[in-house]
Every structure is written in C-alpha cells, then in structure tokens.
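Everything below concerns the one structure shown next.
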Amino acid sequence: MMIDHNLNRRKFIQGTGALLTLSALQAKGLTFDNALKNMRVGLIGAGWYGKSDLFRLMQIRPVDVVAICDVDKKHLEEAGQLISKRQVSGKIPQLYTDYRKMLADHQLDLVLIATPDHWHARQAIDAMRAGAHLYLQKPVSVDVLEGEAILSQARKLNKKVQVGTQRRSTAHLIDAKHRIIDQGLLGKISHVEMCCYYHMRQNGNPPLQPVPEHFDYDMWTGPAPLRPYDGLPHGGWWRTFMEYGNGITGDMGMHMFDTVRWLLGLKWPKKISATGGIYVQKGGKSTIADTQTALFEYDGLNCVWQHRTWGNAADPEYPWAFIIYGDKGTLKGSVMKYEFIPVGKGDAIKRDVVYEKEKFPMDVEEPRIELHTAPATRQHMLNLLSAIENDDLPVADIEEGYISTACCILANLSMELDRPLQYDPHKKICVDDPEATKRLRRPYRAPWQHPAQH
C-alpha cells in the first residue's frame with residue numbers, strides 16, 4: 001500500500017525537518033518510493049525504552065504503527081496517545097495486553113520487542129513465525145539455548161533481526177574502528193578491559209502488596225518464576241533479579257563485549273571464566289551480583305570484564321567503557337567518546353559523541369530520552385530497513401547478538417559453578433561438563449514452552 005505521494009510526503013518531511021534527502025536514502029539502499037511505502041509495525045513492550053525505539057524509527061520512516069502491546073494498561077494508553085501525535089495518519093494504534101492476539105490479528109512487517117529479558121526469546125520466535133522482521137532489544141535471551149533457537153528460526157524463515165546493540169551504529173565508535181583499529185595504529189592487540197561501575201543495582205525490601213487492576217502480573221511474569229508481588233517492576237526493579245535477566249554482566253557487559261567483538265572481528269571465545277557475587281550490598285532482595293570479573297579467552301588475547309555497583313570508578317572519565325591495549329597504543333572508548341593514546345611519540349586522537357539536536361529538535365522535548373544514543377538508534381533502524389529491503393544481514397544481526405548474549409550468560413554460569421567453561425556452539429554443549437550443559441536451558445513456568453523444545 002502506497003501512501004499519498006504529495007500530502008503525506010510533505011507531512012513526513014515537515015515532521016523530520018527534511019533530514020532524509022534522496023541521496024542519503026539511496027546511500028542506504030533505499031529509494032524515495034520505498035522509503036514512503038507504509039511498513040506495518042507493531043510494538044511489544046510499550047514502556048520507556050519501547051517507545052524510545054519506536055520514536056527513533058518513526059523519525060526516519062513514515063511507518064504505520066498499527067498495534068502495540070503492554071501488560072500495563074496505563075503504559076499502553078499513554079503510548080497509544082503519544083504515537084498518534086507522531087503518526088502521519090494521526091491514528092491511535094490498536095491496543096493489546098496479550099502479544100499473541102496482536103500477532104494473530106495483524107499481518108505485521110516489523111515488530112519491535114522491548115519487554116524484560118525473560119520474554120525476548122518467546123516473543124521473538126512467535127513474531128517471526130507470524131511473518132515479521134524484528135528489532136529485538138538486548139540481551140536476546142536469558143539462557144543460551146533460547147538464543148540459539150532465535151537464530152535458528154531467523155535463518156529458517158529468512159527474517160532480519162537487528163539486536164539493540166547500537167554501539168555498532170555509533171558514529172564516533174565507527175570512526176574509531178576505521179581510523180584507529182583498521183589502520184593498525186594499535187599494533188598487536190593482546191589485552192582488552194571492559195567495565196561498568198554505575199551504582200545501578202536496585203536493592204530494597206519493599207513489602208508485598210495487591211496487584212493493581214491495570215497490571216497483568218501473571219502475563220508480565222510469563223515463563224519466569226512467579227515472585228510474590230512487591231510493586232510494579234518498571235523502572236529497573238526487575239533488572240535486580242536473576243529470575244528475569246542476566247545481571248549487570250548480561251546487561252551492561254553484553255554491550256561492551258559486543259562492541260569489542262565487532263571492533264576486533266571476534267567470534268566465540270575458546271574459554272570463559274568468572275568470579276564474583278554479592279559482596280557488599282547484602283541488605284535487600286536483589287539476586288544479581290554486585291561484584292563480578294569475567295575472562296573471555298581467545299588465542300593470544302584476553303578480554304576482561306569487571307563491574308562493581310559500589311565504590312568509585314577506576315577512571316571517572318570512563319565509568320562504562322572498553323580499553324583495547326596494543327603494543328603501539330591504547331584505545332579507550334565509551335558511549336560518550338573515544339581516545340587513542342600512542343606509545344611513545346605521536347599525537348593522541350579524540351572524538352566525542354555526535355548529537356543531532358538541531359536536526360531532530362523533538363529529541364530535546366522527549367522525556368527520559370538518551371540524547372547521546374538517539375543518533376545511533378536511528379542509524380540502527382536505517383540499517384535494519386536496508387537489510388530488509390536488500391535481503392542482507394543487519395550490522396547487529398541475531399547471530400552476533402546471540403554470541404554476545406550467550407558469552408555473558410556463560411560467564412554468569414561459570415561464576416555460579418566456580419569453574420571455567422568451554423562452550424561448543426555446534427554441539428550445543430559445555431565440553432566435558434554435563435552439569436553446565438544441563439543449565440544451558442532454564443526451566444519455563446507452565447504452561448509456557450521453551451523454544452528449544454520444539
């Protein structure tokens with residue numbers, strides 16, 4: 001279905017500040033006609049980040065958001081109103097509290113998934129089976145075999161899956177790859193450090209309380225263990241429980257490890273080990289580690305991850321970052337900047353994050369927006385659309401998201417078992433470790449079925 005080529009084209013250009021020129025679109029493998037074709041889009045998870053992802057997509061293409069889903073009716077209704085104000089058509093999308101009904105009712109071209117981590121695999125596979133391509137938030141899964149199942153289905157159905165690891169679409173980090181790494185300025189690289197020292201571990205003891213009428217807690221929990229209800233899980237409270245995610249290593253560490261793998265062209269490590277636990281913040285309900293060190297070993301290269309949710313950052317300029325060490329220089333990078341420091345004589349090279357406040361003035365007015373990541377997310381969306389239209393793989397293809405996610409899950413498993421692990425992705429086992437192999441799949445709460453079962 002084509003939208004009106006004059007009126008709606010004009011509205012689109014006015015709404016985006018005339019940012020997408022014909023040449024820019026063609027550079028991405030798009031034509032103006034294709035760019036104006038209505039793509040039918042659905043959103044599962046209409047909270048803060050789900051809306052943010054969708055709004056970035058709507059800024060670069062006049063998609064038709066036909067349906068959205070959330071188990072919190074307040075989130076759902078608020079998102080519907082906000083979307084209608086940004087749609088060319090002005091329509092409020094159809095609202096659902098069960099994503100399965102949304103997928104059954106609509107033939108969607110693209111589904112964005114921004115639910116808590118424990119839902120990602122089941123919803124991703126169901127959406128692809130319903131015919132949709134995906135923009136899937138990271139981590140892609142909460143166990144290793146979930147991620148493998150998503151990858152398998154994506155390849156079987158030829159669906160494009162862009163994982164929300166948008167460091168691969170971040171302008172200053174792309175510049176670092178081209179200018180520093182690809183040009184060999186680091187020399188021989190044999191050590192990488194990655195870290196997060198944000199005090200982001202919520203740790204409280206809220207009392208049990210009745211579930212509010214506007215919130216379907218059973219559906220929110222889905223295949224995860226059903227914890228006694230102690231308040232809305234929004235705003236990060238769910239992230240403090242291993243029942244729903246992969247801890248800070250699987251959340252923040254997954255971003256940085258994926259970035260390093262992309263920059264250096266790495267795939268699966270030959271061995272993964274980790275230590276850590278709850279060392280300091282013992283007073284609350286939280287079940288995620290407040291301290292962890294993980295080692296991802298490659299031939300002649302060690303990648304070390306460390307997080308602490310207490311104390312000071314090792315380097316206040318780089319509290320969430322990666323540092324790549326070569327014999328000719330060092331590259332420090334974060335979501336905000338990068339810095340190349342040569343060994344001996346030579347000039348340092350620095351570059352800061354690119355903002356697009358003038359190009360996209362609505363960014364400044366949007367509540368809770370991460371202004372430094374908005375340009376990268378827009379580029380990530382453009383890359384996905386190009387992959388769909390040209391039948392190639394996006395920059396953060398599901399295989400890459402699966403590897404990065406699984407390695408962080410394996411680091412958590414190594415920490416729990418107190419031994420190194422060697423994962424064989426072809427046999428889907430931990431080598432010579434039946435106990436670890438058994439734990440590559442988490443049990444699902446009935447009646448939900450693990451995607452690796454069928």
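Within each chain, counting starts at residue 1; across the structure tokens, chains are named A, B, ... in the order shown, with ligands numbered 1 upward in that order.
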Could you give me the residues within range 262-370 of chain A that DSSP places in helix (DSSP H, G or I), as a VMD selection string? chain A and resid 262 to 264 362 to 365
Give me, as number ranges by chain, all polymer residues having an atom no more than 10 Å from range 223-240 of chain A, counting only C-alpha atoms and skipping those fewer than 6 positions away in the same chain. A: 47-48, 72, 116-119, 122, 142, 200-212, 215, 217, 246-248, 251, 285-290, 442-450
Within 10 Å of Cys69 in chain A using only C-alpha atoms, minus same-chain residues under 2 positions, as an mmCIF file with C-alpha atoms, in the first residue's frame:
```
data_model
loop_
_atom_site.group_PDB
_atom_site.id
_atom_site.type_symbol
_atom_site.label_atom_id
_atom_site.label_comp_id
_atom_site.auth_asym_id
_atom_site.auth_seq_id
_atom_site.Cartn_x
_atom_site.Cartn_y
_atom_site.Cartn_z
ATOM 1 C CA GLY A 42 3.897 -3.461 15.971
ATOM 2 C CA LEU A 43 5.488 -2.847 19.366
ATOM 3 C CA ILE A 44 5.643 -5.358 22.228
ATOM 4 C CA GLY A 45 6.589 -3.585 25.439
ATOM 5 C CA ALA A 46 5.354 -0.001 25.404
ATOM 6 C CA GLY A 47 7.301 1.323 28.378
ATOM 7 C CA ALA A 67 -0.745 -2.188 17.018
ATOM 8 C CA VAL A 71 0.561 -5.739 30.154
ATOM 9 C CA ASP A 72 0.302 -2.368 31.934
ATOM 10 C CA LYS A 73 -2.824 -0.616 30.646
ATOM 11 C CA HIS A 75 1.663 2.324 29.719
ATOM 12 C CA LEU A 76 -0.449 1.111 26.837
ATOM 13 C CA GLU A 77 -2.867 4.024 26.754
ATOM 14 C CA ALA A 79 1.913 5.115 24.386
ATOM 15 C CA GLY A 80 -1.108 4.995 22.094
ATOM 16 C CA PRO A 93 -2.705 2.042 17.131
ATOM 17 C CA GLN A 94 -4.836 -0.857 18.281
ATOM 18 C CA LEU A 95 -4.048 -1.670 21.903
ATOM 19 C CA TYR A 96 -3.398 -5.171 23.254
ATOM 20 C CA THR A 97 -2.431 -6.707 26.577
ATOM 21 C CA ASP A 98 -1.589 -10.120 25.033
ATOM 22 C CA TYR A 99 1.041 -10.079 22.288
ATOM 23 C CA ARG A 100 -0.257 -13.370 20.866
ATOM 24 C CA LYS A 101 -3.597 -11.820 19.991
ATOM 25 C CA MET A 102 -1.835 -8.819 18.434
ATOM 26 C CA LEU A 103 0.222 -11.119 16.207
ATOM 27 C CA ILE A 113 10.402 -6.035 21.165
ATOM 28 C CA THR A 115 9.974 -6.271 27.063
#
```
All strand (DSSP E) positions in range 39-85 of chain A, as JSON, numbers by chain: {"A": [40, 41, 42, 43, 44, 64, 65, 66, 67, 68, 69]}
Could you write those residues out with N, CA, C and O atoms, as a PDB file, in the first residue's frame?
```pdb
ATOM      1  N   ARG A  40       4.010  -1.879   8.038  1.00  0.00           N
ATOM      2  CA  ARG A  40       3.093  -2.132   9.161  1.00  0.00           C
ATOM      3  C   ARG A  40       3.919  -2.609  10.361  1.00  0.00           C
ATOM      4  O   ARG A  40       4.560  -3.658  10.313  1.00  0.00           O
ATOM      5  N   VAL A  41       3.872  -1.825  11.413  1.00  0.00           N
ATOM      6  CA  VAL A  41       4.759  -2.028  12.569  1.00  0.00           C
ATOM      7  C   VAL A  41       3.948  -2.307  13.825  1.00  0.00           C
ATOM      8  O   VAL A  41       2.890  -1.709  14.049  1.00  0.00           O
ATOM      9  N   GLY A  42       4.447  -3.210  14.646  1.00  0.00           N
ATOM     10  CA  GLY A  42       3.897  -3.461  15.971  1.00  0.00           C
ATOM     11  C   GLY A  42       4.977  -3.326  17.027  1.00  0.00           C
ATOM     12  O   GLY A  42       6.168  -3.516  16.754  1.00  0.00           O
ATOM     13  N   LEU A  43       4.570  -2.998  18.236  1.00  0.00           N
ATOM     14  CA  LEU A  43       5.488  -2.847  19.366  1.00  0.00           C
ATOM     15  C   LEU A  43       5.018  -3.734  20.500  1.00  0.00           C
ATOM     16  O   LEU A  43       3.854  -3.682  20.897  1.00  0.00           O
ATOM     17  N   ILE A  44       5.927  -4.558  21.035  1.00  0.00           N
ATOM     18  CA  ILE A  44       5.643  -5.358  22.228  1.00  0.00           C
ATOM     19  C   ILE A  44       6.519  -4.813  23.356  1.00  0.00           C
ATOM     20  O   ILE A  44       7.745  -4.905  23.300  1.00  0.00           O
ATOM     21  N   ASP A  64       3.593   2.744   9.508  1.00  0.00           N
ATOM     22  CA  ASP A  64       2.223   2.688  10.014  1.00  0.00           C
ATOM     23  C   ASP A  64       2.225   1.820  11.269  1.00  0.00           C
ATOM     24  O   ASP A  64       2.295   0.595  11.179  1.00  0.00           O
ATOM     25  N   VAL A  65       2.208   2.456  12.432  1.00  0.00           N
ATOM     26  CA  VAL A  65       2.176   1.714  13.692  1.00  0.00           C
ATOM     27  C   VAL A  65       0.734   1.283  13.924  1.00  0.00           C
ATOM     28  O   VAL A  65      -0.106   2.071  14.349  1.00  0.00           O
ATOM     29  N   VAL A  66       0.452   0.031  13.630  1.00  0.00           N
ATOM     30  CA  VAL A  66      -0.939  -0.430  13.637  1.00  0.00           C
ATOM     31  C   VAL A  66      -1.348  -1.038  14.967  1.00  0.00           C
ATOM     32  O   VAL A  66      -2.546  -1.087  15.281  1.00  0.00           O
ATOM     33  N   ALA A  67      -0.385  -1.524  15.769  1.00  0.00           N
ATOM     34  CA  ALA A  67      -0.745  -2.188  17.018  1.00  0.00           C
ATOM     35  C   ALA A  67       0.412  -2.143  17.994  1.00  0.00           C
ATOM     36  O   ALA A  67       1.578  -2.229  17.594  1.00  0.00           O
ATOM     37  N   ILE A  68       0.078  -2.023  19.272  1.00  0.00           N
ATOM     38  CA  ILE A  68       1.083  -2.072  20.327  1.00  0.00           C
ATOM     39  C   ILE A  68       0.538  -2.925  21.470  1.00  0.00           C
ATOM     40  O   ILE A  68      -0.673  -3.070  21.635  1.00  0.00           O
ATOM     41  N   CYS A  69       1.456  -3.473  22.263  1.00  0.00           N
ATOM     42  CA  CYS A  69       1.063  -4.372  23.339  1.00  0.00           C
ATOM     43  C   CYS A  69       1.847  -4.061  24.602  1.00  0.00           C
ATOM     44  O   CYS A  69       3.057  -3.817  24.551  1.00  0.00           O
TER      45      CYS A  69
END
```
Please measure the separation of CA of Leu413 in chain A and CA of Trp220 in chain A, giving the value in Å to one decimal. 25.1 Å
Separating CA of Val260 in chain A from CA of Gly344 in chain A, to the nearest tenth of an Å, is a gap of 24.4 Å
Excluding Ile181 in chain A and any residue of its chain fewer than 3 positions from it, enumerate the residues within 10 Å of it, using only C-alpha atoms, and give them as a list of chain:residue names.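 What passes the distance filter is A:Asp175, A:Ala176, A:Lys177, A:His178, A:Gly184, A:Leu185, A:Leu186, A:Gly187, A:Ile189, A:Leu263, A:Leu264, A:Ile324, A:Gly326, A:Leu331, A:Phe340.
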Fewer than 2 positions away in the same chain doesn't count, so skip those; otherwise give me all residues within 7 Å of Pro342 in chain A, counting only C-alpha atoms, as a count of residues only. 9
